[in-house]
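Structure below is model-v4.csv: CSV, C-alpha atoms.
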chain,number,residue,atom,x,y,z
A,1,MET,CA,-9.7,10.5,21.8
A,2,ALA,CA,-9.2,6.9,23.0
A,3,ALA,CA,-5.9,5.1,22.5
A,4,PRO,CA,-5.7,3.1,19.3
A,5,GLN,CA,-6.3,-0.7,19.5
A,6,PHE,CA,-4.2,-2.3,16.9
A,7,GLN,CA,-4.4,-5.9,15.5
A,8,ILE,CA,-1.5,-7.3,13.5
A,9,ASN,CA,-2.8,-9.7,10.9
A,10,THR,CA,0.1,-12.1,10.6
A,11,ASP,CA,2.1,-14.9,12.2
A,12,GLY,CA,4.9,-14.2,9.8
A,13,CYS,CA,7.1,-12.1,12.1
A,14,SER,CA,8.5,-12.4,15.7
A,15,GLU,CA,6.7,-11.1,18.8
A,16,GLU,CA,9.5,-8.6,19.2
A,17,GLY,CA,8.9,-7.4,15.7
A,18,LYS,CA,5.1,-7.1,16.3
A,19,GLN,CA,5.7,-5.0,19.4
A,20,ALA,CA,8.3,-2.8,17.6
A,21,LEU,CA,5.8,-2.3,14.8
A,22,LEU,CA,3.0,-1.3,17.1
A,23,GLU,CA,5.2,1.2,18.9
A,24,ALA,CA,6.5,2.7,15.7
A,25,ILE,CA,3.1,3.8,14.3
A,26,THR,CA,2.4,7.4,15.2
A,27,ILE,CA,-1.2,8.6,15.3
A,28,VAL,CA,-1.8,12.1,14.1
A,29,GLU,CA,-5.3,13.3,15.0
A,30,ASP,CA,-7.4,15.5,12.7
A,31,PHE,CA,-5.0,15.0,9.7
A,32,PRO,CA,-5.3,15.7,6.8
A,33,LYS,CA,-8.7,17.1,7.9
A,34,PRO,CA,-10.7,17.2,11.1
A,35,GLY,CA,-12.1,13.9,12.2
A,36,LEU,CA,-9.5,11.7,10.6
A,37,ARG,CA,-6.8,9.7,12.3
A,38,PHE,CA,-3.7,9.5,10.2
A,39,LYS,CA,-1.1,6.8,10.8
A,40,GLU,CA,2.4,8.1,10.2
A,41,LEU,CA,4.9,5.4,9.4
A,42,THR,CA,8.3,7.1,9.2
A,43,ASN,CA,9.4,5.4,12.5
A,44,VAL,CA,8.6,2.0,11.1
A,45,LEU,CA,11.4,2.6,8.6
A,46,THR,CA,13.8,4.0,11.2
A,47,ASN,CA,13.3,1.1,13.5
A,48,TYR,CA,15.0,-1.9,11.7
A,49,ILE,CA,13.1,-4.4,13.9
A,50,ALA,CA,9.7,-3.0,13.0
A,51,PHE,CA,10.7,-2.6,9.3
A,52,GLN,CA,11.9,-6.2,9.2
A,53,ALA,CA,8.6,-7.3,10.7
A,54,VAL,CA,6.7,-5.7,7.9
A,55,VAL,CA,8.9,-7.3,5.2
A,56,ASP,CA,8.8,-10.7,6.9
A,57,ALA,CA,5.0,-10.6,7.3
A,58,PHE,CA,4.4,-9.7,3.6
A,59,ALA,CA,7.0,-12.2,2.4
A,60,LYS,CA,5.4,-15.0,4.3
A,61,ARG,CA,1.9,-14.2,3.1
A,62,TYR,CA,2.8,-14.0,-0.6
A,63,ARG,CA,5.6,-16.7,-0.9
A,64,ALA,CA,3.1,-19.4,-1.8
A,65,MET,CA,0.7,-17.2,-3.9
A,66,GLY,CA,2.6,-17.4,-7.2
A,67,VAL,CA,3.6,-13.7,-7.3
A,68,THR,CA,6.1,-13.0,-10.2
A,69,ALA,CA,6.5,-9.3,-9.7
A,70,VAL,CA,6.0,-6.7,-7.0
A,71,VAL,CA,4.8,-3.2,-7.8
A,72,GLY,CA,5.5,-0.3,-5.5
A,73,ILE,CA,3.7,3.1,-5.8
A,74,GLU,CA,5.7,6.3,-5.7
A,75,SER,CA,7.1,7.1,-3.3
A,76,ARG,CA,6.5,5.6,0.1
A,77,GLY,CA,5.4,2.3,-1.4
A,78,TYR,CA,8.9,1.8,-2.8
A,79,ALA,CA,10.3,1.5,0.8
A,80,TYR,CA,8.2,-1.6,1.5
A,81,ALA,CA,7.8,-3.1,-2.0
A,82,SER,CA,11.4,-3.4,-2.9
A,83,PRO,CA,12.6,-5.4,0.1
A,84,VAL,CA,9.6,-7.7,-0.3
A,85,ALA,CA,10.5,-8.3,-3.9
A,86,LEU,CA,14.0,-9.3,-2.8
A,87,ALA,CA,12.6,-11.6,-0.2
A,88,LEU,CA,10.4,-13.3,-2.8
A,89,GLY,CA,13.1,-13.4,-5.4
A,90,VAL,CA,11.0,-11.5,-8.0
A,91,PRO,CA,11.4,-8.2,-9.9
A,92,PHE,CA,10.4,-4.9,-8.3
A,93,VAL,CA,8.5,-2.6,-10.6
A,94,PRO,CA,8.1,1.1,-9.6
A,95,PHE,CA,4.9,2.9,-10.6
A,96,ARG,CA,5.7,6.5,-11.0
A,97,LYS,CA,3.9,9.8,-11.1
A,98,PRO,CA,3.7,11.4,-14.6
A,99,GLY,CA,6.6,12.9,-16.4
A,100,LYS,CA,9.4,11.2,-14.5
A,101,MET,CA,10.2,8.3,-16.8
A,102,PRO,CA,13.1,9.1,-19.1
A,103,CYS,CA,12.5,6.0,-21.2
A,104,LYS,CA,9.5,4.8,-23.1
A,105,SER,CA,6.6,4.3,-20.7
A,106,VAL,CA,3.0,3.3,-20.5
A,107,GLY,CA,0.4,4.8,-18.1
A,108,VAL,CA,-3.2,5.2,-17.1
A,109,ASP,CA,-5.1,8.2,-15.8
A,110,PHE,CA,-7.3,7.7,-12.8
A,111,ASN,CA,-9.8,9.8,-10.7
A,112,LEU,CA,-8.6,11.0,-7.4
A,113,GLY,CA,-12.0,10.2,-6.1
A,114,GLY,CA,-11.4,6.6,-7.0
A,115,TRP,CA,-14.8,5.1,-7.1
A,116,ASN,CA,-16.4,8.5,-7.7
A,117,LYS,CA,-16.3,9.6,-11.4
A,118,SER,CA,-17.0,13.2,-10.6
A,119,ALA,CA,-14.5,15.6,-12.1
A,120,SER,CA,-14.5,17.7,-8.9
A,121,PHE,CA,-12.0,15.2,-7.4
A,122,GLY,CA,-9.5,15.8,-10.2
A,123,LYS,CA,-7.3,13.3,-11.9
A,124,ASP,CA,-3.8,11.8,-11.5
A,125,ARG,CA,-1.7,9.4,-13.5
A,126,LEU,CA,0.6,6.4,-12.9
A,127,GLU,CA,3.3,5.2,-15.3
A,128,CYS,CA,5.9,2.5,-15.6
A,129,ARG,CA,8.5,1.4,-18.1
A,130,GLU,CA,7.0,-0.1,-21.2
A,131,ASP,CA,8.9,-3.3,-20.5
A,132,GLY,CA,8.4,-3.2,-16.7
A,133,LEU,CA,5.7,-5.9,-16.4
A,134,LYS,CA,5.4,-8.8,-18.7
A,135,PRO,CA,2.0,-9.9,-20.0
A,136,GLY,CA,0.6,-12.6,-17.7
A,137,ALA,CA,2.7,-11.5,-14.7
A,138,LYS,CA,1.2,-12.3,-11.3
A,139,VAL,CA,1.5,-8.9,-9.5
A,140,LEU,CA,1.5,-7.9,-5.9
A,141,ILE,CA,0.9,-4.1,-5.4
A,142,ILE,CA,2.3,-2.6,-2.2
A,143,ASP,CA,1.8,0.9,-0.7
A,144,ASP,CA,2.3,2.2,2.8
A,145,LEU,CA,-1.2,3.5,3.6
A,146,LEU,CA,-4.7,2.9,2.1
A,147,GLY,CA,-6.9,6.0,2.1
A,148,THR,CA,-9.7,6.3,-0.4
A,149,GLY,CA,-8.2,3.7,-2.6
A,150,ALA,CA,-7.8,6.0,-5.6
A,151,THR,CA,-4.1,5.3,-6.1
A,152,LEU,CA,-4.5,1.6,-5.7
A,153,ILE,CA,-7.4,1.7,-8.2
A,154,GLY,CA,-5.1,3.4,-10.7
A,155,ALA,CA,-2.3,0.9,-10.0
A,156,CYS,CA,-4.7,-2.0,-10.6
A,157,ALA,CA,-5.8,-0.4,-13.9
A,158,LEU,CA,-2.2,0.0,-15.0
A,159,VAL,CA,-1.4,-3.6,-14.2
A,160,GLU,CA,-4.3,-4.8,-16.3
A,161,HIS,CA,-3.5,-2.3,-19.1
A,162,VAL,CA,-0.3,-4.2,-19.7
A,163,LYS,CA,-2.2,-7.5,-19.6
A,164,ALA,CA,-0.8,-8.6,-16.2
A,165,GLU,CA,-2.9,-9.9,-13.3
A,166,VAL,CA,-3.3,-8.4,-9.8
A,167,VAL,CA,-2.9,-11.1,-7.2
A,168,GLU,CA,-3.6,-8.8,-4.3
A,169,CYS,CA,-3.0,-5.3,-3.0
A,170,ALA,CA,-1.2,-4.9,0.4
A,171,CYS,CA,-0.7,-1.9,2.7
A,172,VAL,CA,0.8,-1.6,6.2
A,173,VAL,CA,-2.2,0.4,7.5
A,174,ASP,CA,-5.4,2.1,6.3
A,175,MET,CA,-7.8,4.9,7.3
A,176,PRO,CA,-11.1,2.9,7.6
A,177,ALA,CA,-13.4,6.0,7.5
A,178,LEU,CA,-12.3,6.6,3.9
A,179,ASN,CA,-13.6,3.1,2.8
A,180,GLY,CA,-10.6,2.2,0.8
A,181,ARG,CA,-11.0,-1.5,1.2
A,182,THR,CA,-14.5,-1.3,-0.2
A,183,ASN,CA,-13.5,0.9,-3.1
A,184,VAL,CA,-10.5,-1.0,-4.4
A,185,PRO,CA,-11.7,-3.6,-6.9
A,186,LYS,CA,-9.1,-6.3,-6.0
A,187,PRO,CA,-8.4,-8.2,-2.8
A,188,THR,CA,-6.7,-5.9,-0.4
A,189,PHE,CA,-4.7,-7.0,2.7
A,190,ILE,CA,-4.0,-4.6,5.6
A,191,LEU,CA,-1.2,-5.7,7.9
A,192,VAL,CA,-2.2,-3.6,10.9
A,193,ASP,CA,-5.9,-3.0,11.7
A,194,ASP,CA,-7.1,-0.1,13.9
A,195,LEU,CA,-9.9,-1.7,16.0
A,196,SER,CA,-10.6,1.4,18.2
A,197,THR,CA,-13.9,3.3,17.9
A,198,GLU,CA,-12.2,6.3,16.3
A,199,GLY,CA,-10.2,4.0,14.0
A,200,ALA,CA,-13.3,2.3,12.8
A,201,ALA,CA,-15.4,5.4,12.5
A,202,SER,CA,-13.2,8.3,11.7
A,203,SER,CA,-9.6,7.4,11.0

File written out as C-alpha cells:
Amino acid sequence: MAAPQFQINTDGCSEEGKQALLEAITIVEDFPKPGLRFKELTNVLTNYIAFQAVVDAFAKRYRAMGVTAVVGIESRGYAYASPVALALGVPFVPFRKPGKMPCKSVGVDFNLGGWNKSASFGKDRLECREDGLKPGAKVLIIDDLLGTGATLIGACALVEHVKAEVVECACVVDMPALNGRTNVPKPTFILVDDLSTEGAASS
C-alpha cells in the first residue's frame, strides 16, 4: 500500500513537535480486519516531543472555547485528556467502563454499532461519578482514535444525561473508512488527517 500522507490540523505546536508526531504514528495494515489501516499511537506517548505537541495543539484550540471540564474515555483517552485539562486549568473527568466505580455513579448504555440500532452489534456502557460533571458544564471529550464513533456517541449521551453540554469531541487520529465523523452527533475535531488513498477509503 502507498505510504500515508498525513496533515496536522493545527498551528498550536512547534514544527519539531509536528515532525515528531508524524514519525510516532505507526500504521498497522489490515487491523483489526482486512482492508483497514489502524493508527497505533503508543510511540506518541513514549516520545515526549510528540506527546507535548498533541497537548499543545488541543490546549490552543480549546483555550478560548469556554471549556469548563475535559472528559477522557477509558483507557487511552485518559492519557491525552488529563494533561489537556491541566493545560486549560479545568477538571478532568474520567468516563469508565461498567462496574469499575466504587462510589455512586451514573451511566448510559450505548450500541456498539453507534448509529446502527441493530442488536447484532451488542451494547456497552460508560459511567462516571455522580458528582463528576456539574449541570451546565461545557465539556470537551477526548479519545485517542475515532473508529465507528460508537464510544463517542455514548460519551456524548452521558454528558447530556447529567445535563452538561458537549462543546466538541477531539481525537488524535481516526479511521475514515468507518465513518466516525459522520456518525458522531457533535462537532468532532481530528488532529491528524490521513489524506492517502487508502486512508480515505479503507483505513

Which one of A:Gly66, A:Asn183, A:Asp193, A:Val106 sits closest to Leu140 of chain A if you count only C-alpha atoms?
A:Gly66

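Nearest residue to Pro4 of chain A, choosing from A:Met101, A:Ile141, A:Ile27, A:Leu21 and counting all atoms listed in the file: A:Ile27.
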
So which one's closest to Asp131 of chain A, A:Val167, A:Val93, A:Val54, A:Ile49? Using all atoms listed in the file, please.
A:Val93

What is the atom CA of Pro185 of chain A to atom CA of Thr42 of chain A distance in Å?
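Atom-to-atom, atom CA of Pro185 of chain A and atom CA of Thr42 of chain A are spaced 27.8 Å apart.
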
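All residues of protein, DNA or RNA that reach within 7 Å of Phe110 of chain A, judged by all atoms listed in the file and not counting those fewer than 4 positions away in the chain, are Lys123, Asp124, Arg125 and Gly154 of chain A.
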
Can I get the selected residues back with C-alpha atoms, as an mmCIF file, in the coordinates of the input?
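That gives us result04.cif:
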data_model
loop_
_atom_site.group_PDB
_atom_site.id
_atom_site.type_symbol
_atom_site.label_atom_id
_atom_site.label_comp_id
_atom_site.auth_asym_id
_atom_site.auth_seq_id
_atom_site.Cartn_x
_atom_site.Cartn_y
_atom_site.Cartn_z
ATOM 1 C CA LYS A 123 -7.300 13.300 -11.900
ATOM 2 C CA ASP A 124 -3.800 11.800 -11.500
ATOM 3 C CA ARG A 125 -1.700 9.400 -13.500
ATOM 4 C CA GLY A 154 -5.100 3.400 -10.700
#

Any idea what's packed within 7 Å of Asn9 of chain A, counting all atoms listed in the file, ignoring anything in its chain fewer than 2 positions away? Could you give it as a list in words?
Gln7, Leu191 and Val192 of chain A

Identify the residues around (7.8, -5.0, -10.3) within a radius of 12 Å, measuring from all atoms listed in the file in the coordinates stated by the file, and give them as an mmCIF file with C-alpha atoms, in the frame of the given file.
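selection.cif was written with the following content:
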data_model
loop_
_atom_site.group_PDB
_atom_site.id
_atom_site.type_symbol
_atom_site.label_atom_id
_atom_site.label_comp_id
_atom_site.auth_asym_id
_atom_site.auth_seq_id
_atom_site.Cartn_x
_atom_site.Cartn_y
_atom_site.Cartn_z
ATOM 1 C CA VAL A 67 3.600 -13.700 -7.300
ATOM 2 C CA THR A 68 6.100 -13.000 -10.200
ATOM 3 C CA ALA A 69 6.500 -9.300 -9.700
ATOM 4 C CA VAL A 70 6.000 -6.700 -7.000
ATOM 5 C CA VAL A 71 4.800 -3.200 -7.800
ATOM 6 C CA GLY A 72 5.500 -0.300 -5.500
ATOM 7 C CA ILE A 73 3.700 3.100 -5.800
ATOM 8 C CA GLY A 77 5.400 2.300 -1.400
ATOM 9 C CA TYR A 78 8.900 1.800 -2.800
ATOM 10 C CA ALA A 81 7.800 -3.100 -2.000
ATOM 11 C CA SER A 82 11.400 -3.400 -2.900
ATOM 12 C CA PRO A 83 12.600 -5.400 0.100
ATOM 13 C CA VAL A 84 9.600 -7.700 -0.300
ATOM 14 C CA ALA A 85 10.500 -8.300 -3.900
ATOM 15 C CA LEU A 86 14.000 -9.300 -2.800
ATOM 16 C CA LEU A 88 10.400 -13.300 -2.800
ATOM 17 C CA GLY A 89 13.100 -13.400 -5.400
ATOM 18 C CA VAL A 90 11.000 -11.500 -8.000
ATOM 19 C CA PRO A 91 11.400 -8.200 -9.900
ATOM 20 C CA PHE A 92 10.400 -4.900 -8.300
ATOM 21 C CA VAL A 93 8.500 -2.600 -10.600
ATOM 22 C CA PRO A 94 8.100 1.100 -9.600
ATOM 23 C CA PHE A 95 4.900 2.900 -10.600
ATOM 24 C CA ARG A 96 5.700 6.500 -11.000
ATOM 25 C CA CYS A 128 5.900 2.500 -15.600
ATOM 26 C CA ARG A 129 8.500 1.400 -18.100
ATOM 27 C CA GLU A 130 7.000 -0.100 -21.200
ATOM 28 C CA ASP A 131 8.900 -3.300 -20.500
ATOM 29 C CA GLY A 132 8.400 -3.200 -16.700
ATOM 30 C CA LEU A 133 5.700 -5.900 -16.400
ATOM 31 C CA LYS A 134 5.400 -8.800 -18.700
ATOM 32 C CA ALA A 137 2.700 -11.500 -14.700
ATOM 33 C CA LYS A 138 1.200 -12.300 -11.300
ATOM 34 C CA VAL A 139 1.500 -8.900 -9.500
ATOM 35 C CA LEU A 140 1.500 -7.900 -5.900
ATOM 36 C CA ILE A 141 0.900 -4.100 -5.400
ATOM 37 C CA ILE A 142 2.300 -2.600 -2.200
ATOM 38 C CA ALA A 155 -2.300 0.900 -10.000
ATOM 39 C CA VAL A 159 -1.400 -3.600 -14.200
ATOM 40 C CA ALA A 164 -0.800 -8.600 -16.200
ATOM 41 C CA VAL A 166 -3.300 -8.400 -9.800
#

Interatomic distance, atom CA of Cys103 of chain A to atom CA of Ala150 of chain A (Å, one decimal)
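Interatomic distance, atom CA of Cys103 of chain A to atom CA of Ala150 of chain A: 25.6 Å.
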
Pick from A:Gly136, A:Phe38, A:Val172, A:Pro32, whichever lies nearest to Ala53 of chain A using all atoms listed in the file:
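Ranked by minimum distance to Ala53 of chain A, first place goes to A:Val172.
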
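The gap separating atom CA of Asp144 of chain A from atom CA of Arg76 of chain A is 6.0 Å, in Å to one decimal.
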
A:Gly35, A:Tyr62, A:Gln52, A:Thr151: which is nearest Phe189 of chain A, counting only C-alpha atoms?
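Of the candidates, the smallest distance to Phe189 of chain A is held by A:Tyr62.
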
Do a neighbour search on Pro135 of chain A at 9 Å with only C-alpha atoms, toss out local chain neighbours closer than 3 positions, and write the hits as a PyMOL selection string.
chain A and resi 160+162-165

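Around the point (0.7, 7.1, -12.6), within 6 Å and counting all atoms listed in the file, we find these residues: Arg96, Lys97, Pro98, Gly107, Arg125, Leu126 and Glu127 of chain A.
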
Which residues, written as a PyMOL selection string, have at least one atom at most 10 Å from Thr148 of chain A, with only C-alpha atoms counted and residues fewer than 3 positions away on the same chain left out?
chain A and resi 112-115+145+151-153+174-184

Looking at only C-alpha atoms, which of A:Ile25, A:Ala87, A:Ala79, A:Cys169 is the one that sits closest to Ala50 of chain A?
A:Ile25
